[in-house]
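The file work19.tsv contains TSV, C-alpha atoms:
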```
chain	number	residue	atom	x	y	z
S	1	MET	CA	9.32	-3.96	-4.56
S	2	LYS	CA	10.62	-5.19	-7.90
S	3	ASN	CA	10.60	-1.67	-9.33
S	4	ILE	CA	12.57	-0.18	-6.46
S	5	ILE	CA	15.20	-2.91	-6.68
S	6	LEU	CA	15.64	-2.26	-10.40
S	7	PHE	CA	15.94	1.47	-9.78
S	8	LEU	CA	18.53	1.03	-7.02
S	9	LEU	CA	20.60	-1.20	-9.28
S	10	PHE	CA	20.38	1.59	-11.84
S	11	ILE	CA	21.74	4.04	-9.24
S	12	ALA	CA	24.50	1.67	-8.15
S	13	ALA	CA	25.74	1.37	-11.72
S	14	PHE	CA	26.20	5.12	-11.95
S	15	THR	CA	27.82	5.62	-8.56
S	16	SER	CA	30.48	2.99	-9.21
S	17	GLN	CA	31.30	3.51	-12.88
S	18	VAL	CA	34.22	5.87	-13.34
S	19	GLN	CA	33.54	6.01	-17.08
S	20	ALA	CA	30.03	7.47	-16.69
S	21	GLN	CA	30.86	10.90	-18.10
S	22	GLY	CA	27.21	11.62	-18.89
S	23	CYS	CA	23.73	10.76	-17.61
S	24	ASP	CA	23.15	7.56	-19.56
S	25	ALA	CA	25.42	4.55	-19.99
S	26	ASP	CA	25.41	0.89	-20.98
S	27	ASP	CA	25.06	-1.77	-18.32
S	28	PRO	CA	28.23	-3.95	-18.57
S	29	ASN	CA	26.12	-6.95	-17.55
S	30	ASP	CA	23.67	-6.49	-20.42
S	31	THR	CA	24.04	-9.22	-23.05
S	32	ILE	CA	21.89	-7.32	-25.55
S	33	ALA	CA	23.85	-5.23	-28.05
S	34	PRO	CA	23.40	-1.48	-27.44
S	35	PRO	CA	21.23	0.34	-29.99
S	36	LYS	CA	22.69	2.39	-32.82
S	37	VAL	CA	20.48	5.28	-31.72
S	38	LYS	CA	18.94	5.82	-28.28
S	39	ILE	CA	17.08	8.95	-27.18
S	40	PHE	CA	17.23	9.61	-23.44
S	41	GLY	CA	16.69	12.43	-20.99
S	42	TYR	CA	15.08	13.65	-17.80
S	43	ILE	CA	13.34	16.68	-16.33
S	44	GLN	CA	13.40	17.92	-12.73
S	45	PRO	CA	10.66	20.44	-11.82
S	46	GLU	CA	11.42	21.87	-8.39
S	47	TYR	CA	10.07	24.07	-5.59
S	48	ASN	CA	12.42	26.10	-3.35
S	49	TYR	CA	11.48	27.88	-0.13
S	50	SER	CA	14.11	29.94	1.69
S	51	LEU	CA	13.54	30.68	5.38
S	52	SER	CA	15.09	34.13	5.07
S	53	ASP	CA	13.68	37.45	6.23
S	54	PRO	CA	11.66	38.07	4.17
S	55	ALA	CA	11.04	34.51	3.04
S	56	GLU	CA	11.52	33.64	-0.63
S	57	SER	CA	9.90	30.91	-2.68
S	58	THR	CA	9.95	29.91	-6.32
S	59	PHE	CA	9.08	27.16	-8.76
S	60	LYS	CA	11.76	26.33	-11.34
S	61	PHE	CA	13.46	23.59	-13.30
S	62	ARG	CA	16.63	22.21	-11.76
S	63	ARG	CA	17.52	20.40	-14.99
S	64	ALA	CA	15.78	19.61	-18.28
S	65	ARG	CA	18.02	17.46	-20.47
S	66	ILE	CA	17.60	15.45	-23.62
S	67	GLY	CA	20.21	13.55	-25.56
S	68	VAL	CA	20.98	10.88	-28.08
S	69	ARG	CA	23.67	8.25	-28.01
S	70	GLY	CA	24.53	5.09	-29.84
S	71	ARG	CA	27.17	3.00	-31.52
S	72	VAL	CA	28.77	3.26	-34.94
S	73	PHE	CA	30.83	0.31	-36.09
S	74	GLU	CA	31.92	-2.20	-33.47
S	75	ASP	CA	34.29	-0.20	-31.29
S	76	TRP	CA	32.99	3.38	-31.57
S	77	SER	CA	30.17	5.10	-29.69
S	78	TYR	CA	28.85	8.65	-29.51
S	79	TYR	CA	27.03	10.72	-26.89
S	80	PHE	CA	25.23	14.05	-27.29
S	81	MET	CA	23.17	15.91	-24.64
S	82	VAL	CA	21.51	19.34	-24.47
S	83	GLU	CA	20.56	21.27	-21.32
S	84	ALA	CA	17.28	23.17	-21.80
S	85	SER	CA	16.81	24.54	-18.27
S	86	PRO	CA	17.25	28.36	-18.15
S	87	PHE	CA	18.39	28.11	-14.51
S	88	ILE	CA	21.69	26.30	-15.17
S	89	GLY	CA	24.80	27.52	-16.90
S	90	GLY	CA	24.00	31.21	-16.69
S	91	VAL	CA	23.13	31.43	-20.39
S	92	GLY	CA	19.34	31.58	-20.02
S	93	SER	CA	18.68	29.25	-22.95
S	94	ALA	CA	19.36	25.74	-24.20
S	95	TYR	CA	23.00	24.84	-24.80
S	96	LEU	CA	25.19	21.87	-25.62
S	97	MET	CA	26.40	20.18	-22.44
S	98	ASP	CA	27.97	16.82	-23.33
S	99	ALA	CA	29.22	15.74	-26.74
S	100	PHE	CA	31.91	13.11	-27.05
S	101	VAL	CA	33.00	10.10	-29.08
S	102	THR	CA	34.55	7.01	-27.49
S	103	TRP	CA	36.77	4.25	-28.79
S	104	ASP	CA	36.02	1.38	-26.41
S	105	LYS	CA	37.56	-1.73	-27.92
S	106	TYR	CA	39.54	-2.42	-24.75
S	107	ASN	CA	37.97	-2.25	-21.29
S	108	TRP	CA	41.19	-0.97	-19.73
S	109	ALA	CA	41.84	1.74	-22.31
S	110	ARG	CA	38.63	3.40	-23.45
S	111	ILE	CA	39.39	6.77	-25.01
S	112	SER	CA	36.88	9.65	-25.15
S	113	ALA	CA	37.23	13.06	-26.80
S	114	GLY	CA	34.86	16.03	-26.67
S	115	SER	CA	33.02	17.75	-23.82
S	116	PHE	CA	32.21	15.78	-20.68
S	117	LYS	CA	32.56	15.79	-16.90
S	118	GLN	CA	35.91	16.14	-15.20
S	119	PRO	CA	36.76	12.70	-13.74
S	120	PHE	CA	37.15	14.03	-10.19
S	121	GLY	CA	35.39	12.80	-7.09
S	122	LEU	CA	32.56	10.39	-6.40
S	123	GLU	CA	29.68	12.85	-6.17
S	124	VAL	CA	30.62	14.79	-9.31
S	125	SER	CA	31.04	11.52	-11.20
S	126	THR	CA	27.55	10.45	-10.10
S	127	ALA	CA	24.94	11.26	-12.74
S	128	CYS	CA	22.67	14.16	-11.78
S	129	ASN	CA	19.57	11.98	-12.06
S	130	ALA	CA	21.04	9.52	-9.54
S	131	LEU	CA	22.04	11.94	-6.76
S	132	ILE	CA	20.80	10.98	-3.30
S	133	THR	CA	20.22	14.61	-2.25
S	134	ILE	CA	18.87	17.37	-4.49
S	135	ASP	CA	22.03	19.46	-4.16
S	136	ARG	CA	25.54	18.15	-4.41
S	137	ALA	CA	27.83	18.97	-1.49
S	138	ILE	CA	29.26	22.50	-1.34
S	139	ILE	CA	32.78	21.20	-1.99
S	140	SER	CA	31.63	19.41	-5.15
S	141	ASP	CA	30.02	22.57	-6.54
S	142	GLN	CA	32.70	25.06	-5.44
S	143	LEU	CA	36.01	23.19	-5.73
S	144	VAL	CA	35.45	20.83	-8.68
S	145	VAL	CA	35.05	23.74	-11.08
S	146	PRO	CA	34.40	23.56	-13.96
S	147	GLN	CA	32.52	20.29	-13.61
S	148	ARG	CA	32.32	19.95	-17.40
S	149	ASP	CA	35.04	20.82	-19.86
S	150	TYR	CA	36.56	20.03	-23.27
S	151	GLY	CA	39.34	17.49	-23.57
S	152	VAL	CA	40.44	13.90	-24.04
S	153	ALA	CA	40.37	11.11	-21.45
S	154	VAL	CA	41.29	7.46	-20.93
S	155	PHE	CA	39.10	5.23	-18.74
S	156	GLY	CA	39.67	1.72	-17.42
S	157	GLY	CA	37.63	-0.83	-15.51
S	158	ASN	CA	33.90	-1.02	-14.74
S	159	ILE	CA	31.49	-2.15	-12.03
S	160	ASN	CA	32.70	-5.75	-12.43
S	161	THR	CA	36.36	-4.90	-11.67
S	162	ARG	CA	37.83	-4.04	-8.31
S	163	PHE	CA	39.99	-1.28	-9.76
S	164	THR	CA	38.95	1.60	-12.01
S	165	TYR	CA	40.82	4.64	-13.22
S	166	ALA	CA	40.37	7.77	-15.32
S	167	PHE	CA	42.95	10.21	-16.67
S	168	ALA	CA	42.04	13.36	-18.60
S	169	VAL	CA	43.71	16.34	-20.25
S	170	MET	CA	41.25	19.25	-20.45
S	171	ASN	CA	41.12	22.98	-21.19
S	172	GLY	CA	40.36	24.04	-17.64
S	173	HIS	CA	37.84	26.81	-18.42
S	174	GLY	CA	34.58	24.92	-18.83
S	175	LEU	CA	31.93	24.96	-21.54
S	176	ASN	CA	31.41	27.84	-23.95
S	177	GLU	CA	34.96	29.10	-23.35
S	178	ILE	CA	38.01	29.06	-25.62
S	179	ASP	CA	41.21	28.10	-23.79
S	180	ASN	CA	43.52	31.01	-24.59
S	181	ASN	CA	46.50	30.01	-22.46
S	182	ASN	CA	49.07	27.41	-23.48
S	183	LYS	CA	48.59	25.13	-20.48
S	184	LYS	CA	46.12	22.30	-19.95
S	185	ASP	CA	44.56	20.78	-16.83
S	186	ILE	CA	45.55	17.26	-15.78
S	187	ILE	CA	42.82	15.36	-13.90
S	188	GLY	CA	42.81	11.82	-12.60
S	189	ARG	CA	40.72	9.52	-10.44
S	190	ALA	CA	41.17	5.93	-9.25
S	191	THR	CA	38.95	3.68	-7.16
S	192	TYR	CA	39.55	0.29	-5.55
S	193	LYS	CA	37.01	-2.08	-4.01
S	194	LEU	CA	38.68	-3.32	-0.83
S	195	PHE	CA	35.72	-5.56	-0.02
S	196	ASP	CA	32.41	-6.34	-1.69
S	197	PHE	CA	30.81	-3.72	0.56
S	198	MET	CA	33.57	-1.06	0.60
S	199	GLN	CA	35.15	1.11	-2.10
S	200	ILE	CA	37.81	3.78	-1.67
S	201	GLY	CA	39.08	6.31	-4.18
S	202	ALA	CA	41.33	9.29	-4.76
S	203	SER	CA	41.35	12.18	-7.26
S	204	PHE	CA	43.91	14.75	-8.39
S	205	ARG	CA	43.89	17.89	-10.53
S	206	TYR	CA	46.64	20.28	-11.58
S	207	GLY	CA	45.76	23.13	-13.89
S	208	TYR	CA	45.75	26.78	-14.88
S	209	PRO	CA	42.24	28.19	-14.33
S	210	LYS	CA	42.77	31.81	-15.38
S	211	LEU	CA	42.39	33.09	-18.93
S	212	ASN	CA	45.52	34.63	-20.49
S	213	ASP	CA	47.60	33.29	-17.61
S	214	ASN	CA	50.26	30.57	-18.03
S	215	GLU	CA	51.77	31.04	-14.56
S	216	SER	CA	49.00	30.87	-11.93
S	217	SER	CA	48.34	27.22	-11.15
S	218	ARG	CA	45.82	25.31	-9.08
S	219	THR	CA	46.21	21.97	-7.30
S	220	THR	CA	43.34	19.87	-5.95
S	221	TYR	CA	43.29	16.58	-4.04
S	222	GLY	CA	40.31	14.43	-3.13
S	223	GLY	CA	39.61	11.26	-1.16
S	224	GLU	CA	36.40	9.21	-1.09
S	225	VAL	CA	34.83	6.18	0.52
S	226	LEU	CA	31.61	4.28	-0.19
S	227	PHE	CA	29.98	1.51	1.87
S	228	ASP	CA	27.10	-0.60	0.53
S	229	ILE	CA	26.01	-2.91	3.35
S	230	ASN	CA	22.81	-4.56	2.14
S	231	ASN	CA	20.24	-1.72	2.24
S	232	LEU	CA	22.49	0.66	4.18
S	233	HIS	CA	24.76	3.04	2.29
S	234	ILE	CA	27.43	5.41	3.62
S	235	GLN	CA	29.38	7.83	1.44
S	236	GLY	CA	31.95	10.50	2.20
S	237	GLU	CA	34.50	12.76	0.52
S	238	TYR	CA	37.22	15.24	1.44
S	239	ILE	CA	38.61	17.80	-1.02
S	240	TYR	CA	41.58	20.13	-0.56
S	241	ASP	CA	42.24	22.91	-3.08
S	242	GLU	CA	44.90	25.60	-3.31
S	243	GLY	CA	46.26	28.20	-5.69
S	244	ALA	CA	44.62	30.31	-8.37
S	245	PHE	CA	40.95	30.19	-9.26
S	246	ASP	CA	38.72	31.91	-11.79
S	247	PRO	CA	36.19	34.07	-9.86
S	248	GLY	CA	34.02	34.26	-12.97
S	249	ALA	CA	33.70	30.50	-13.39
S	250	ASP	CA	30.26	28.99	-12.84
S	251	ALA	CA	29.87	26.73	-9.84
S	252	GLY	CA	28.25	23.33	-10.29
S	253	CYS	CA	24.68	23.08	-11.62
S	254	GLY	CA	23.73	26.72	-11.20
S	255	SER	CA	25.21	27.29	-7.72
S	256	GLU	CA	26.52	30.74	-6.88
S	257	PRO	CA	30.35	30.83	-6.97
S	258	LEU	CA	31.91	31.81	-3.63
S	259	ALA	CA	35.01	33.91	-2.96
S	260	LEU	CA	37.95	31.63	-2.16
S	261	GLY	CA	41.16	32.13	-0.24
S	262	GLU	CA	44.57	30.78	-1.18
S	263	LYS	CA	43.79	27.44	0.49
S	264	ARG	CA	40.32	25.92	0.89
S	265	ALA	CA	38.92	22.55	1.90
S	266	GLY	CA	35.82	20.73	3.01
S	267	ALA	CA	34.13	17.39	3.41
S	268	TYR	CA	30.77	15.66	3.64
S	269	GLY	CA	29.38	12.46	5.02
S	270	MET	CA	26.06	10.95	3.92
S	271	ILE	CA	24.02	7.95	5.04
S	272	TRP	CA	20.85	6.56	3.47
S	273	TYR	CA	18.72	3.45	3.71
S	274	ASP	CA	16.56	1.61	1.17
S	275	THR	CA	13.30	0.55	2.78
S	276	LYS	CA	10.76	-1.96	1.48
S	277	TRP	CA	8.17	0.82	1.07
S	278	ASN	CA	10.03	2.54	-1.81
S	279	LEU	CA	11.14	5.21	0.69
S	280	GLN	CA	14.76	6.24	1.10
S	281	PRO	CA	15.59	8.42	4.14
S	282	VAL	CA	18.90	10.30	3.92
S	283	LEU	CA	21.03	12.35	6.30
S	284	LYS	CA	23.98	14.43	5.09
S	285	TYR	CA	26.46	16.58	7.00
S	286	GLU	CA	29.04	18.80	5.34
S	287	TYR	CA	31.40	21.66	6.01
S	288	PHE	CA	33.29	24.05	3.77
S	289	ASP	CA	36.17	26.37	4.65
S	290	GLN	CA	36.59	28.99	1.92
S	291	ASP	CA	39.89	30.23	3.36
S	292	LEU	CA	41.95	27.99	5.63
S	293	ASP	CA	44.20	30.91	6.62
S	294	TYR	CA	41.34	33.12	7.83
S	295	LYS	CA	38.69	30.90	9.37
S	296	ASP	CA	37.29	33.66	11.62
S	297	VAL	CA	36.36	35.95	8.74
S	298	PRO	CA	32.52	36.07	8.41
S	299	TYR	CA	31.04	33.65	5.87
S	300	ARG	CA	34.41	31.95	5.29
S	301	TYR	CA	33.45	28.80	7.19
S	302	SER	CA	30.05	27.13	7.02
S	303	GLU	CA	28.32	23.88	7.81
S	304	ARG	CA	25.18	22.30	6.44
S	305	MET	CA	22.92	19.50	7.58
S	306	THR	CA	20.52	18.01	5.03
S	307	VAL	CA	17.62	15.81	6.08
S	308	GLY	CA	15.82	14.22	3.18
S	309	LEU	CA	13.38	11.62	1.99
S	310	ASN	CA	13.20	10.07	-1.48
S	311	TYR	CA	10.15	8.21	-2.76
S	312	PHE	CA	10.27	6.04	-5.90
S	313	PHE	CA	6.95	5.73	-7.68
S	314	ASN	CA	8.73	3.41	-10.13
S	315	LYS	CA	12.14	3.20	-11.79
S	316	ASN	CA	11.41	6.30	-13.91
S	317	VAL	CA	9.69	8.64	-11.44
S	318	ARG	CA	11.17	9.88	-8.16
S	319	LEU	CA	10.16	12.50	-5.58
S	320	GLN	CA	12.83	14.12	-3.38
S	321	VAL	CA	12.23	16.32	-0.35
S	322	ASN	CA	15.16	18.02	1.44
S	323	TYR	CA	15.52	20.41	4.35
S	324	GLN	CA	18.89	22.19	4.45
S	325	ALA	CA	20.00	23.64	7.80
S	326	ASN	CA	22.83	26.06	7.01
S	327	ILE	CA	25.15	27.09	9.83
S	328	GLU	CA	27.68	29.95	9.69
S	329	THR	CA	29.84	29.73	12.78
S	330	VAL	CA	31.05	33.36	12.85
S	331	LEU	CA	28.13	35.44	11.57
S	332	ASN	CA	24.95	33.42	11.25
S	333	GLU	CA	22.09	34.34	8.94
S	334	ASP	CA	18.60	33.03	8.20
S	335	ASN	CA	19.18	30.95	5.07
S	336	ASP	CA	17.79	27.48	5.74
S	337	LYS	CA	15.99	26.01	2.74
S	338	PHE	CA	13.23	23.57	1.92
S	339	LEU	CA	13.55	21.86	-1.48
S	340	ALA	CA	11.14	19.53	-3.26
S	341	GLN	CA	11.78	17.96	-6.65
S	342	ILE	CA	9.99	15.50	-8.92
S	343	GLN	CA	12.06	13.70	-11.53
S	344	VAL	CA	11.02	11.79	-14.63
S	345	VAL	CA	13.62	9.94	-16.70
S	346	TRP	CA	13.28	8.11	-20.00
```

Represent the supplied structure as structure tokens.
Amino acid sequence: MKNIILFLLFIAAFTSQVQAQGCDADDPNDTIAPPKVKIFGYIQPEYNYSLSDPAESTFKFRRARIGVRGRVFEDWSYYFMVEASPFIGGVGSAYLMDAFVTWDKYNWARISAGSFKQPFGLEVSTACNALITIDRAIISDQLVVPQRDYGVAVFGGNINTRFTYAFAVMNGHGLNEIDNNNKKDIIGRATYKLFDFMQIGASFRYGYPKLNDNESSRTTYGGEVLFDINNLHIQGEYIYDEGAFDPGADAGCGSEPLALGEKRAGAYGMIWYDTKWNLQPVLKYEYFDQDLDYKDVPYRYSERMTVGLNYFFNKNVRLQVNYQANIETVLNEDNDKFLAQIQVVW
């Protein structure tokens, strides 16, 4: 029981810290000075079974990441992480994912520069090793693109403050790309804890996603809510997106990018419960409309129901099992999936 409580506190820190650009961060409540050098990482071996005709199954790595972070001088820290999984990023080999330096003398004005996550949305801001379901919601993977980028950001607040914010200026084209237009993306997120058990938030992005194009813009809005009522947790988000998009941009964490209309939107709601047996049942419903102007076009509107169970062997080892029921309301196809993943963090 002690181990599961520690692990859930670990998760809560990530899901409520707007400044958690990467997969490892200091606990603001820790009175011990952070180390000058800390090696961290995690691996996620996974099994996928698709109930298609014919059925498909495969073993793979969802993620395999290792990094180093630490502090130099009193007010400066650094963070460096490499992705070694060949199934993410479309490059087929290890590549640099996060690398940033942070000046954090003031809690309300911490400044980071380098490559890191866009500060947009609750689920994208949640570290990959702390996700409640194996996959993020479709809207997180398709509309918050690119999830990682190069830029500079200012962060304020932490898990001990009711209000947090993040504001970033980024290239808008993701990792391994040179920004060859003259415009930059503006991204922001703010959260406020209305009550001890309820947090709300909003995100905004305005940018220019196409290469060699200073005219075609994109605007994205997001709203979020999180309830933590003892062992019961409820989370939801809505994202609306319109304007230009880069059809060649990678979707989040290896997902296949989908064709988008001029206006697109979606939402998800998720509920999970922490039991005394180290088990965590989860239920997630989501929908995604790829083109709000043409909802009746096949494959443009879809829904998904995820039923899952997480088991924590200890604070470093977790097993996740998910069944995804995919529903296309116009032209249905056999594409439900069974996913199983074991995760080890250090």

### Task
Just the residues within 10 Å of Ile239 (chain S), please, counting only C-alpha atoms, with nothing from its chain fewer than 4 positions along; format it as a PyMOL selection string.
chain S and resi 121+139-140+143-144+202-204+220-224+264-268+288

### Task
Rank nothing, just name the residue among S:Arg65, S:Arg318, S:Arg162, S:Lys117 nearest to Ile43 (chain S), using only C-alpha atoms.
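Among the listed residues, the smallest separation from Ile43 (chain S) belongs to S:Arg65.
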
### Message
Restricting the calculation to all atoms listed in the file: of S:Lys105, S:Ser77, S:Gln142, S:Arg110, which residue gets closest to Cys253 (chain S)?
### Response
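Using all atoms listed in the file, the shortest distance to Cys253 (chain S) belongs to S:Gln142.
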
### Query
With all atoms listed in the file as the basis for distance, which of S:Ser93, S:Ile229, S:Ser50, S:Tyr273 is at the shortest distance from Glu333 (chain S)?
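Closest to Glu333 (chain S), using all atoms listed in the file: S:Ser50.
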
Residues within 9 Å of Asp179 (chain S), all atoms listed in the file, excluding chain neighbours under 6 positions, as a PDB file with C-alpha atoms, keeping the file's coordinate frame:
```pdb
ATOM      1  CA  ASN S 171      41.120  22.980 -21.190  1.00  0.00           C
ATOM      2  CA  GLY S 172      40.360  24.040 -17.640  1.00  0.00           C
ATOM      3  CA  HIS S 173      37.840  26.810 -18.420  1.00  0.00           C
ATOM      4  CA  LEU S 211      42.390  33.090 -18.930  1.00  0.00           C
ATOM      5  CA  ASN S 212      45.520  34.630 -20.490  1.00  0.00           C
TER       6      ASN S 212
END
```

### Task
Could you tell me how far CA of Phe227 (chain S) lies from CA of Leu194 (chain S), in Å and to one decimal?
10.3 Å

#### Entry: Nearby residues (only C-alpha atoms) at most 10 Å from Tyr106 (chain S), same-chain spacing under 4 positions excluded, as a list in words
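Using only C-alpha atoms, the neighbours found are Asp75, Arg110, Ile111, Phe155, Gly156 and Gly157 of chain S.
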
### Message
Taking (48.1, 25.3, -24.9) in the coordinates of the supplied file, I want to know which residues reach to within 12 Å of it, counting only C-alpha atoms; could you give the answer as number ranges by chain?
### Response
S: 151, 169-172, 178-185, 207-208, 211-214

### Within 10 Å of Asn231 (chain S) using all atoms listed in the file, minus same-chain residues under 2 positions, as a list in words
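Result of the neighbour search: Leu8, Asp228, Ile229, His233, Trp272, Tyr273, Asp274, Thr275, Lys276 and Gln280 of chain S.
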
### Message
My list of candidates is S:Leu279, S:Met270, S:Cys23, S:Ala127. Which is closest to Met81 (chain S) when distances are computed with only C-alpha atoms?
### Response
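With only C-alpha atoms as the atom set, the closest residue is S:Cys23.
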
### Task
Please provide as a list in words all residues within 8 Å of Asn316 (chain S), with the sequence filter that same-chain residues fewer than 2 positions apart are discarded (counting all atoms listed in the file).
Phe7, Phe313, Asn314, Arg318, Gln343, Val344, Val345 and Trp346 of chain S

### Task
Identify which of the residues S:Gly269, S:Ile342, S:Ala137, S:Lys337 lies closest to Gln44 (chain S), counting only C-alpha atoms when measuring atom-to-atom distances.
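With only C-alpha atoms as the atom set, the closest residue is S:Ile342.
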
### Task
Go ahead and find all residues with at least one atom no further than 12 Å from (18.7, 23.9, -23.4) in the file's coordinates, using all atoms listed in the file; report them as a PyMOL selection string.
chain S and resi 41+43+61-67+81-98

### Task
Find the residue from S:Gly308, S:Gly236, S:Gly254, S:Gly243 that sits nearest to Ala325 (chain S); use all atoms listed in the file when measuring.
S:Gly308
